[in-house]
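K.L.:
This is data-v5.csv, which holds CSV, C-alpha atoms:
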chain,number,residue,atom,x,y,z
I,1,GLY,CA,0.0,0.0,0.0
I,2,TYR,CA,1.1,3.6,-0.3
I,3,SER,CA,2.1,5.8,2.6
I,4,VAL,CA,0.0,8.5,4.2
I,5,ASP,CA,2.5,11.0,2.9
I,6,ALA,CA,1.9,10.0,-0.7
I,7,ALA,CA,-1.7,10.9,-0.3
I,8,GLN,CA,-0.8,14.1,1.5
I,9,SER,CA,-0.4,17.2,-0.7
I,10,PRO,CA,2.8,19.2,0.1
I,11,PRO,CA,2.5,21.4,3.2
I,12,THR,CA,1.6,25.1,2.9
I,13,PHE,CA,2.3,25.7,6.6
I,14,GLY,CA,5.3,25.5,8.9
I,15,PHE,CA,6.1,25.6,12.6
I,16,LEU,CA,8.3,27.9,14.6
I,17,LEU,CA,9.0,26.1,17.8
I,18,ASP,CA,10.4,27.6,21.0
I,19,ILE,CA,12.7,25.2,22.9
I,20,ASP,CA,12.8,26.0,26.7
I,21,GLY,CA,9.4,25.4,28.3
I,22,VAL,CA,7.9,23.9,25.1
I,23,LEU,CA,10.2,21.0,24.2
I,24,VAL,CA,12.5,20.8,27.3
I,25,ARG,CA,12.8,22.0,30.9
I,26,GLY,CA,16.5,22.3,31.6
I,27,HIS,CA,17.9,19.0,30.4
I,28,ARG,CA,14.7,17.1,30.5
I,29,VAL,CA,12.5,16.6,27.5
I,30,ILE,CA,8.8,17.3,28.0
I,31,PRO,CA,7.0,14.1,27.2
I,32,ALA,CA,4.4,15.9,25.0
I,33,ALA,CA,7.3,16.9,22.7
I,34,LEU,CA,8.0,13.3,21.9
I,35,GLU,CA,4.4,12.8,21.1
I,36,ALA,CA,4.4,15.9,18.9
I,37,PHE,CA,7.4,14.7,16.9
I,38,ARG,CA,5.7,11.3,16.4
I,39,ARG,CA,3.1,13.2,14.5
I,40,LEU,CA,5.5,15.5,12.7
I,41,VAL,CA,7.9,12.9,11.4
I,42,ASN,CA,7.0,10.3,8.7
I,43,ALA,CA,7.9,6.6,8.5
I,44,HIS,CA,11.3,7.6,7.0
I,45,GLY,CA,12.2,9.8,9.9
I,46,GLN,CA,11.6,13.0,7.8
I,47,LEU,CA,9.6,15.9,8.9
I,48,ARG,CA,6.2,16.1,7.2
I,49,VAL,CA,6.2,19.9,7.4
I,50,PRO,CA,9.0,22.5,7.7
I,51,VAL,CA,10.0,23.2,11.3
I,52,VAL,CA,12.5,25.7,12.7
I,53,PHE,CA,13.5,26.0,16.4
I,54,VAL,CA,13.5,29.6,17.4
I,55,THR,CA,15.1,30.0,20.8
I,56,ASN,CA,16.2,33.0,22.8
I,57,ALA,CA,19.2,31.0,24.1
I,58,GLY,CA,22.5,32.3,22.9
I,59,ASN,CA,25.3,30.9,25.1
I,60,ILE,CA,25.8,27.9,22.9
I,61,LEU,CA,26.8,27.1,19.3
I,62,GLN,CA,24.2,26.4,16.7
I,63,HIS,CA,25.4,22.9,15.9
I,64,SER,CA,25.7,22.0,19.6
I,65,LYS,CA,22.1,23.1,20.1
I,66,ALA,CA,21.1,20.9,17.0
I,67,GLN,CA,22.9,17.9,18.5
I,68,GLU,CA,21.3,18.5,21.9
I,69,LEU,CA,17.8,18.6,20.3
I,70,SER,CA,18.5,15.5,18.2
I,71,ALA,CA,19.5,13.5,21.3
I,72,LEU,CA,16.4,14.7,23.2
I,73,LEU,CA,13.8,14.4,20.4
I,74,GLY,CA,15.2,11.2,18.8
I,75,PHE,CA,15.4,12.5,15.3
I,76,LYS,CA,18.0,14.4,13.3
I,77,VAL,CA,17.8,18.2,13.8
I,78,GLU,CA,20.0,20.1,11.3
I,79,PRO,CA,22.0,23.1,12.5
I,80,ASP,CA,20.2,25.3,10.0
I,81,GLN,CA,16.9,24.5,11.6
I,82,VAL,CA,18.1,26.2,14.8
I,83,ILE,CA,17.8,30.0,15.3
I,84,LEU,CA,19.6,31.3,18.3
I,85,SER,CA,18.8,34.7,19.7
I,86,HIS,CA,21.8,36.3,18.0
I,87,SER,CA,21.6,34.6,14.6
I,88,PRO,CA,20.2,37.7,12.9
I,89,MET,CA,23.4,39.6,13.9
I,90,LYS,CA,24.8,38.1,10.7
I,91,LEU,CA,22.8,40.8,8.9
I,92,PHE,CA,24.6,43.7,10.7
I,93,SER,CA,27.6,43.5,8.4
I,94,GLN,CA,28.5,47.2,9.0
I,95,TYR,CA,29.8,46.2,12.4
I,96,HIS,CA,31.6,43.0,11.4
I,97,ASN,CA,35.0,44.5,11.0
I,98,LYS,CA,34.8,46.7,14.1
I,99,ARG,CA,36.6,45.9,17.3
I,100,MET,CA,33.8,44.8,19.6
I,101,LEU,CA,33.7,44.0,23.3
I,102,VAL,CA,31.7,40.7,23.6
I,103,SER,CA,29.7,39.7,26.6
I,104,GLY,CA,28.1,36.4,27.4
I,105,GLN,CA,29.3,32.9,28.4
I,106,GLY,CA,30.1,29.7,26.7
I,107,PRO,CA,31.8,29.9,23.3
I,108,VAL,CA,31.4,33.7,22.9
I,109,VAL,CA,34.4,34.2,20.6
I,110,GLU,CA,33.4,31.4,18.4
I,111,ASN,CA,29.8,32.5,18.3
I,112,ALA,CA,30.8,36.0,17.4
I,113,ARG,CA,33.0,34.7,14.6
I,114,VAL,CA,30.2,32.6,13.2
I,115,LEU,CA,28.1,35.7,13.1
I,116,GLY,CA,30.8,37.5,11.2
I,117,PHE,CA,32.6,39.5,13.9
I,118,GLU,CA,36.3,39.0,13.3
I,119,ASN,CA,37.8,41.4,15.8
I,120,VAL,CA,36.4,40.8,19.3
I,121,VAL,CA,37.7,41.4,22.8
I,122,THR,CA,36.1,39.4,25.7
I,123,VAL,CA,35.3,41.0,29.1
I,124,ASP,CA,38.0,38.7,30.6
I,125,GLU,CA,40.6,40.0,28.2
I,126,LEU,CA,39.7,43.6,29.0
I,127,ARG,CA,39.8,42.8,32.7
I,128,MET,CA,43.3,41.3,32.3
I,129,ALA,CA,44.5,44.3,30.3
I,130,PHE,CA,43.2,46.8,32.9
I,131,PRO,CA,43.3,45.1,36.3
I,132,VAL,CA,42.3,48.2,38.2
I,133,LEU,CA,38.8,48.2,36.6
I,134,ASP,CA,37.3,45.1,38.3
I,135,MET,CA,36.9,46.2,41.9
I,136,VAL,CA,33.8,44.5,43.4
I,137,ASP,CA,35.3,41.2,44.4
I,138,LEU,CA,37.9,41.9,47.1
I,139,GLN,CA,39.6,38.6,46.2
I,140,ARG,CA,40.3,39.7,42.7
I,141,ARG,CA,41.6,43.2,43.4
I,142,PRO,CA,45.2,43.7,42.3
I,143,LYS,CA,47.6,43.5,45.2
I,144,THR,CA,50.1,45.9,43.6
I,145,THR,CA,49.6,48.9,41.4
I,146,PRO,CA,49.8,47.5,37.9
I,147,LEU,CA,51.3,49.5,34.9
I,148,LEU,CA,48.8,51.4,32.8
I,149,ARG,CA,48.4,50.1,29.3
I,150,ASN,CA,48.5,52.6,26.5
I,151,ASP,CA,48.9,50.0,23.6
I,152,PHE,CA,45.3,48.7,23.8
I,153,PRO,CA,43.4,49.5,20.6
I,154,ALA,CA,40.1,51.4,21.2
I,155,ILE,CA,36.9,49.4,21.4
I,156,GLU,CA,34.4,50.4,18.7
I,157,GLY,CA,31.2,48.7,19.9
I,158,VAL,CA,29.6,46.3,22.3
I,159,LEU,CA,28.1,42.9,21.5
I,160,LEU,CA,25.8,41.4,24.1
I,161,LEU,CA,25.2,37.7,23.2
I,162,GLY,CA,23.6,36.4,26.3
I,163,GLU,CA,23.8,36.6,30.1
I,164,PRO,CA,27.3,36.6,31.5
I,165,VAL,CA,28.4,34.9,34.7
I,166,ARG,CA,29.9,37.6,36.9
I,167,TRP,CA,27.4,40.4,36.3
I,168,GLU,CA,29.2,42.9,38.5
I,169,THR,CA,32.3,42.6,36.3
I,170,SER,CA,30.5,42.7,33.0
I,171,LEU,CA,28.3,45.6,34.1
I,172,GLN,CA,31.3,47.6,35.3
I,173,LEU,CA,33.4,47.0,32.3
I,174,ILE,CA,30.7,47.6,29.7
I,175,ILE,CA,29.8,50.9,31.4
I,176,ASP,CA,33.5,51.8,31.5
I,177,VAL,CA,33.7,51.2,27.7
I,178,LEU,CA,30.6,53.3,27.0
I,179,LEU,CA,31.6,56.2,29.3
I,180,SER,CA,35.2,56.3,28.0
I,181,ASN,CA,34.2,55.9,24.3
I,182,GLY,CA,36.1,52.6,24.0
I,183,ASN,CA,39.2,53.6,25.9
I,184,PRO,CA,38.5,52.2,29.4
I,185,GLY,CA,42.1,52.9,30.6
I,186,THR,CA,41.7,56.6,30.2
I,187,GLY,CA,38.5,58.3,31.4
I,188,LEU,CA,36.7,61.3,30.0
I,189,ALA,CA,35.5,64.4,31.7
I,190,THR,CA,32.1,64.0,30.1
I,191,ALA,CA,30.6,60.8,28.8
I,192,PRO,CA,30.1,60.8,25.0
I,193,TYR,CA,26.5,60.8,23.7
I,194,PRO,CA,25.3,59.1,21.5
I,195,HIS,CA,27.5,56.3,22.9
I,196,LEU,CA,29.3,53.5,21.0
I,197,PRO,CA,27.0,51.1,19.1
I,198,VAL,CA,25.5,48.3,21.2
I,199,LEU,CA,24.0,45.2,19.6
I,200,ALA,CA,22.1,42.9,22.0
I,201,SER,CA,20.2,39.6,21.6
I,202,ASN,CA,17.7,37.9,23.9
I,203,MET,CA,15.6,40.3,25.9
I,204,ASP,CA,13.7,37.7,27.9
I,205,LEU,CA,13.3,38.8,31.5
I,206,LEU,CA,12.7,35.2,32.6
I,207,TRP,CA,12.9,31.7,31.3
I,208,MET,CA,11.8,28.3,32.6
I,209,ALA,CA,14.3,25.6,33.7
I,210,GLU,CA,13.8,22.7,36.1
I,211,ALA,CA,12.9,25.0,39.0
I,212,LYS,CA,9.3,25.7,39.9
I,213,MET,CA,9.8,29.4,39.5
I,214,PRO,CA,11.2,31.2,36.4
I,215,ARG,CA,14.9,32.1,36.3
I,216,PHE,CA,16.5,35.4,35.3
I,217,GLY,CA,17.2,35.8,31.6
I,218,HIS,CA,19.4,38.1,29.6
I,219,GLY,CA,16.6,40.7,29.7
I,220,THR,CA,17.3,41.0,33.4
I,221,PHE,CA,21.0,41.7,32.7
I,222,LEU,CA,20.0,44.3,30.1
I,223,LEU,CA,17.6,45.9,32.6
I,224,CYS,CA,20.5,46.3,35.0
I,225,LEU,CA,22.8,47.8,32.3
I,226,GLU,CA,20.2,50.2,31.1
I,227,THR,CA,19.3,51.4,34.6
I,228,ILE,CA,22.9,51.9,35.6
I,229,TYR,CA,23.7,53.8,32.4
I,230,GLN,CA,20.6,56.0,32.8
I,231,LYS,CA,21.4,56.7,36.5
I,232,LEU,CA,25.0,57.6,35.8
I,233,THR,CA,24.5,59.8,32.7
I,234,GLY,CA,20.9,60.9,32.9
I,235,LYS,CA,20.6,59.6,29.3
I,236,GLU,CA,19.0,56.5,27.8
I,237,LEU,CA,21.1,53.6,26.7
I,238,LYS,CA,20.3,53.0,23.0
I,239,TYR,CA,20.6,49.8,21.0
I,240,GLU,CA,21.8,49.8,17.4
I,241,GLY,CA,20.1,46.4,17.1
I,242,LEU,CA,18.0,44.4,19.5
I,243,MET,CA,17.2,40.9,18.4
I,244,GLY,CA,15.8,37.5,19.5
I,245,LYS,CA,12.1,37.2,20.0
I,246,PRO,CA,9.9,39.4,19.9
I,247,SER,CA,12.0,41.3,17.3
I,248,VAL,CA,10.6,41.1,13.8
I,249,LEU,CA,14.1,40.6,12.4
I,250,THR,CA,14.1,37.1,14.1
I,251,TYR,CA,10.9,36.1,12.5
I,252,GLN,CA,12.0,37.3,9.0
I,253,TYR,CA,15.1,35.2,9.5
I,254,ALA,CA,13.0,32.2,10.6
I,255,GLU,CA,10.6,32.7,7.6
I,256,ASP,CA,13.6,32.5,5.2
I,257,LEU,CA,14.8,29.2,6.8
I,258,ILE,CA,11.3,27.7,6.6
I,259,GLN,CA,11.0,28.6,2.8
I,260,GLN,CA,14.5,27.2,2.1
I,261,GLN,CA,13.6,24.0,4.0
I,262,ALA,CA,10.5,23.6,1.9
I,263,GLU,CA,12.4,24.2,-1.4
I,264,ARG,CA,15.1,21.7,-0.4
I,265,ARG,CA,12.4,19.1,0.1
I,266,GLY,CA,11.0,19.8,-3.3
I,267,TRP,CA,7.6,21.0,-1.9
I,268,ALA,CA,6.4,23.2,-4.7
I,269,ALA,CA,3.7,25.1,-2.9
I,270,PRO,CA,4.9,28.1,-1.0
I,271,ILE,CA,4.6,28.1,2.8
I,272,GLN,CA,1.7,30.6,3.5
I,273,LYS,CA,1.0,30.1,7.2
I,274,LEU,CA,3.4,30.0,10.1
I,275,TYR,CA,2.4,28.7,13.5
I,276,ALA,CA,4.6,29.9,16.4
I,277,VAL,CA,4.5,27.7,19.5
I,278,GLY,CA,5.9,29.1,22.7
I,279,ASP,CA,5.5,29.4,26.5
I,280,ASN,CA,6.3,33.0,27.1
I,281,PRO,CA,3.6,35.6,26.3
I,282,MET,CA,6.2,38.4,26.2
I,283,SER,CA,8.6,36.8,23.7
I,284,ASP,CA,6.8,34.1,21.8
I,285,VAL,CA,3.2,35.4,21.6
I,286,TYR,CA,4.1,39.1,21.4
I,287,GLY,CA,6.8,38.3,18.7
I,288,ALA,CA,4.5,36.1,16.6
I,289,ASN,CA,1.6,38.7,16.8
I,290,LEU,CA,4.0,41.6,15.9
I,291,PHE,CA,5.2,39.6,12.9
I,292,HIS,CA,1.7,38.8,11.9
I,293,LYS,CA,0.9,42.6,12.1
I,294,TYR,CA,4.0,43.3,10.0
I,295,LEU,CA,2.9,40.8,7.4
I,296,GLN,CA,-0.5,42.5,7.2
I,297,MET,CA,1.1,45.9,6.8
I,298,ALA,CA,3.5,44.6,4.1
I,299,LYS,CA,0.5,43.2,2.2
I,300,HIS,CA,-1.0,46.7,2.2
I,301,GLY,CA,2.4,48.4,1.4
I,302,GLY,CA,2.8,50.0,4.8
I,303,ALA,CA,5.8,48.2,6.3
I,304,GLU,CA,8.3,50.9,6.1
I,305,GLU,CA,8.3,51.2,9.9
I,306,ARG,CA,11.6,50.8,11.7
I,307,GLY,CA,11.4,49.3,15.1
I,308,ALA,CA,13.9,48.7,17.9
I,309,SER,CA,14.9,45.6,16.1
I,310,GLY,CA,17.2,47.7,13.9
I,311,PHE,CA,15.6,47.5,10.5
I,312,TRP,CA,12.5,45.9,9.0
I,313,LYS,CA,13.4,45.4,5.4
I,314,GLN,CA,10.6,45.6,2.9
I,315,ARG,CA,10.7,42.4,0.9
I,316,PRO,CA,8.3,40.2,-1.0
I,317,SER,CA,7.1,37.2,1.0
I,318,ALA,CA,4.8,34.3,0.4
I,319,THR,CA,3.9,34.2,4.1
I,320,GLN,CA,0.4,35.4,4.7
I,321,SER,CA,0.0,34.9,8.4
I,322,CYS,CA,1.7,33.9,11.7
I,323,ALA,CA,-0.5,32.5,14.4
I,324,SER,CA,0.7,32.3,18.0
I,325,ILE,CA,0.0,29.2,20.1
I,326,LEU,CA,0.7,29.4,23.9
I,327,VAL,CA,1.5,26.3,25.8
I,328,CYS,CA,1.2,25.8,29.6
I,329,THR,CA,4.4,23.8,30.2
I,330,GLY,CA,6.8,26.7,30.8
I,331,VAL,CA,6.7,30.4,31.8
I,332,TYR,CA,3.0,30.9,31.2
I,333,ASN,CA,0.9,29.7,34.0
I,334,PRO,CA,-2.9,29.7,33.4
I,335,LYS,CA,-3.5,30.0,37.1
I,336,GLY,CA,-1.4,33.2,37.6
I,337,PRO,CA,-2.6,36.7,36.8
I,338,GLU,CA,-1.7,37.4,33.2
I,339,PRO,CA,-1.9,40.6,31.2
I,340,THR,CA,-4.0,39.1,28.4
I,341,ARG,CA,-7.2,38.9,30.3
I,342,PRO,CA,-9.2,42.1,30.9
I,343,THR,CA,-10.0,41.5,34.5
I,344,GLN,CA,-9.1,43.5,37.6
I,345,GLU,CA,-6.5,40.9,38.4
I,346,ALA,CA,-4.8,41.1,35.0
I,347,GLU,CA,-4.5,44.8,35.1
I,348,ALA,CA,-2.3,44.4,38.2
I,349,ALA,CA,0.0,42.0,36.3
I,350,PRO,CA,3.4,43.7,35.7
I,351,PHE,CA,4.8,44.2,32.2
I,352,HIS,CA,7.7,41.8,31.7
I,353,GLY,CA,8.6,43.1,28.2
I,354,HIS,CA,11.7,45.0,27.2
I,355,ARG,CA,11.8,48.8,27.6
I,356,ASP,CA,11.9,49.3,23.8
I,357,PHE,CA,8.9,47.2,23.0
I,358,SER,CA,5.9,49.2,24.2
I,359,PHE,CA,3.2,47.4,26.1
I,360,SER,CA,0.3,46.5,23.7
I,361,PRO,CA,-2.0,44.2,25.6
I,362,GLY,CA,-3.5,43.0,22.3
I,363,LEU,CA,-0.2,41.7,21.1
I,364,MET,CA,0.1,39.4,24.1
I,365,GLU,CA,-3.1,37.7,23.4
I,366,ALA,CA,-2.4,34.2,21.9
I,367,SER,CA,-4.4,33.0,18.9
I,368,HIS,CA,-4.7,29.7,20.8
I,369,ILE,CA,-3.9,28.4,24.3
I,370,VAL,CA,-3.3,24.7,24.6
I,371,ASN,CA,-1.8,22.4,27.3
I,372,ASP,CA,1.3,21.4,25.5
I,373,VAL,CA,3.2,21.2,22.2
I,374,ASN,CA,1.5,17.9,21.2
I,375,GLU,CA,-1.9,19.6,21.5
I,376,ALA,CA,-0.5,22.5,19.5
I,377,VAL,CA,0.4,20.2,16.6
I,378,GLN,CA,-2.9,18.4,16.7
I,379,LEU,CA,-4.7,21.8,16.6
I,380,VAL,CA,-2.7,22.9,13.6
I,381,PHE,CA,-3.2,19.6,11.7
I,382,HIS,CA,-6.9,19.8,12.4
I,383,LYS,CA,-7.1,23.5,11.2
I,384,GLU,CA,-5.1,22.6,8.0
I,385,GLY,CA,-7.3,19.5,7.3
I,386,TRP,CA,-4.4,17.1,7.8
I,387,ALA,CA,-5.0,13.6,9.2
I,388,LEU,CA,-3.8,13.2,12.8
How does this structure look as structure tokens?

P.N.:
Amino acid sequence: GYSVDAAQSPPTFGFLLDIDGVLVRGHRVIPAALEAFRRLVNAHGQLRVPVVFVTNAGNILQHSKAQELSALLGFKVEPDQVILSHSPMKLFSQYHNKRMLVSGQGPVVENARVLGFENVVTVDELRMAFPVLDMVDLQRRPKTTPLLRNDFPAIEGVLLLGEPVRWETSLQLIIDVLLSNGNPGTGLATAPYPHLPVLASNMDLLWMAEAKMPRFGHGTFLLCLETIYQKLTGKELKYEGLMGKPSVLTYQYAEDLIQQQAERRGWAAPIQKLYAVGDNPMSDVYGANLFHKYLQMAKHGGAEERGASGFWKQRPSATQSCASILVCTGVYNPKGPEPTRPTQEAEAAPFHGHRDFSFSPGLMEASHIVNDVNEAVQLVFHKEGWAL
């Protein structure tokens, strides 16, 4: 007999799947994710529809994340199916040859290089070059007065790839670089403004690991940096580019990968609908809805707007819509007060979004709320008239 797939016309829809809180919690796979992939994969171990994994994680290499997912989900995930929070930085080529201070943890230098940045200085290298800067930890203060370096080339920009480990050191040194215009050994009478270009990825305030309560994300680190800068200078820290979900740039990037995946598989029909599954109303739902709004504007020729994401490039696209599906296995807790329900309780819910993404309650309202990713896949198959 012939397979289900032979009877199935090529897909005209694809999935953007968040990872933490949707497929995994910490290092544990969520059982519903295994169920979901049983539906998504055919008898030959191939996906029946295009899928990309859109995560706000960034302290890891793309191929390592793909390997990690393959091991957890039990099918081969390709590196080009994984979008990390900083992947769209590849598009910011005007900074690729600049000398950039890079902050984060894990393989930061290698990550920066993959993104196109050839000339990076890590926070640790800066700390070693200027030992008198890192003063919070008594244990690490220099015991003798070190010689001042004057052979250290000026830093031309700051690259924030994800949350670092020693926040006090990173916060201090990044501020030093901004206030000294890239020459932290010197010191200026007045801080330059506008300051050096800052590119940042992942603005999630919180994320869900194994613990019952959410953990600090890179958005919490950015909040500290912005607040300190504002307090010291009286001016606002500005980003040249801010990416990861909910930035439109990230969704444009994901959309391209989905279309390429479909073409590689020889699926002739263009992918018209995207379904974004996530657990965080502020990044996943807001981002998908913002992208949907962008697609609608582009259809009517009005997408010349430029957001905090850097640039929204006007371009033709087959994608018609992007629906947001919220699951209850991560950050979102249906029992807690949440800002998408117009009740007294919800109005008290604090805004967890980034400073530069203004609070639009409508954009935090998911198209669908389901228990888990398996239910999300069933819902989409049902909507698209596919056999379960």

K.L.:
Taking into account all atoms listed in the file, which residue in the set I:Trp207, I:Leu179, I:Arg141, I:Lys212 is nearest to Thr233 of chain I?

P.N.:
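Of I:Trp207, I:Leu179, I:Arg141, I:Lys212, the one nearest Thr233 of chain I, counting all atoms listed in the file, is I:Leu179.
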
K.L.:
Would you list the residues near (15.1, 15.4, 7.0), meaning any protein, DNA or RNA residue with an atom at most 9 Å from that point in file coordinates, counting only C-alpha atoms, as a PDB file with C-alpha atoms, in the coordinates of the input?

P.N.:
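This went into part.pdb:
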ATOM      1  CA  VAL I  41       7.900  12.900  11.400  1.00  0.00           C
ATOM      2  CA  HIS I  44      11.300   7.600   7.000  1.00  0.00           C
ATOM      3  CA  GLY I  45      12.200   9.800   9.900  1.00  0.00           C
ATOM      4  CA  GLN I  46      11.600  13.000   7.800  1.00  0.00           C
ATOM      5  CA  LEU I  47       9.600  15.900   8.900  1.00  0.00           C
ATOM      6  CA  ARG I  48       6.200  16.100   7.200  1.00  0.00           C
ATOM      7  CA  PHE I  75      15.400  12.500  15.300  1.00  0.00           C
ATOM      8  CA  LYS I  76      18.000  14.400  13.300  1.00  0.00           C
ATOM      9  CA  VAL I  77      17.800  18.200  13.800  1.00  0.00           C
ATOM     10  CA  GLU I  78      20.000  20.100  11.300  1.00  0.00           C
ATOM     11  CA  ARG I 265      12.400  19.100   0.100  1.00  0.00           C
TER      12      ARG I 265
END

K.L.:
Name the closest residue to Asn183 of chain I among the candidates I:Ser87, I:Asn150, I:Ser358, I:Ser201; distances are taken between atoms, counting all atoms listed in the file.

P.N.:
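Looking at the shortest contact to Asn183 of chain I, the residue is I:Asn150.
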
K.L.:
Considering only C-alpha atoms, tabulate each residue of segment 54-153 of chain I that lies at most 10 Å from segment 272-292 of chain I along with its nearest interatomic pair and the corresponding distance in Å to one decimal; arrange the rows by chain and ascending residue number and present them as JSON lines.

P.N.:
{"residue": "I:Val54", "atom": "CA", "partner": "I:Ala276", "partner_atom": "CA", "distance": 9.0}
{"residue": "I:Thr55", "atom": "CA", "partner": "I:Asp284", "partner_atom": "CA", "distance": 9.3}
{"residue": "I:Asn56", "atom": "CA", "partner": "I:Ser283", "partner_atom": "CA", "distance": 8.5}

K.L.:
Counting only C-alpha atoms, find residues at most 7 Å from (25.6, 38.8, 27.5) (file frame) and give them as a list in words.

P.N.:
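In the file's frame, the residues around the point are Ser103, Gly104, Leu160, Leu161, Gly162, Glu163, Pro164 and His218 of chain I.
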
K.L.:
Write out as a PyMOL selection string which residues come within 12 Å of Val132 of chain I when counting all atoms listed in the file, dropping same-chain ones fewer than 5 positions away.

P.N.:
chain I and resi 126-127+137-138+140-149+169+172-173+176+184-186

K.L.:
Would you mind telling me which residue in I:Gln67, I:Ala189, I:Phe13, I:Ser170 lies nearest to Thr319 of chain I when using only C-alpha atoms?

P.N.:
I:Phe13

K.L.:
Restricting the calculation to only C-alpha atoms: of I:Leu199, I:Ala71, I:Leu257, I:Val327, which residue gets closest to Ser93 of chain I?

P.N.:
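For Ser93 of chain I, the nearest of the given residues is I:Leu199.
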
K.L.:
Have a look at atom CA of Pro10 of chain I and atom CA of Gln261 of chain I and let me know their distance in Å, one decimal.

P.N.:
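One can read the atom CA of Pro10 of chain I to atom CA of Gln261 of chain I distance as 12.4 Å.
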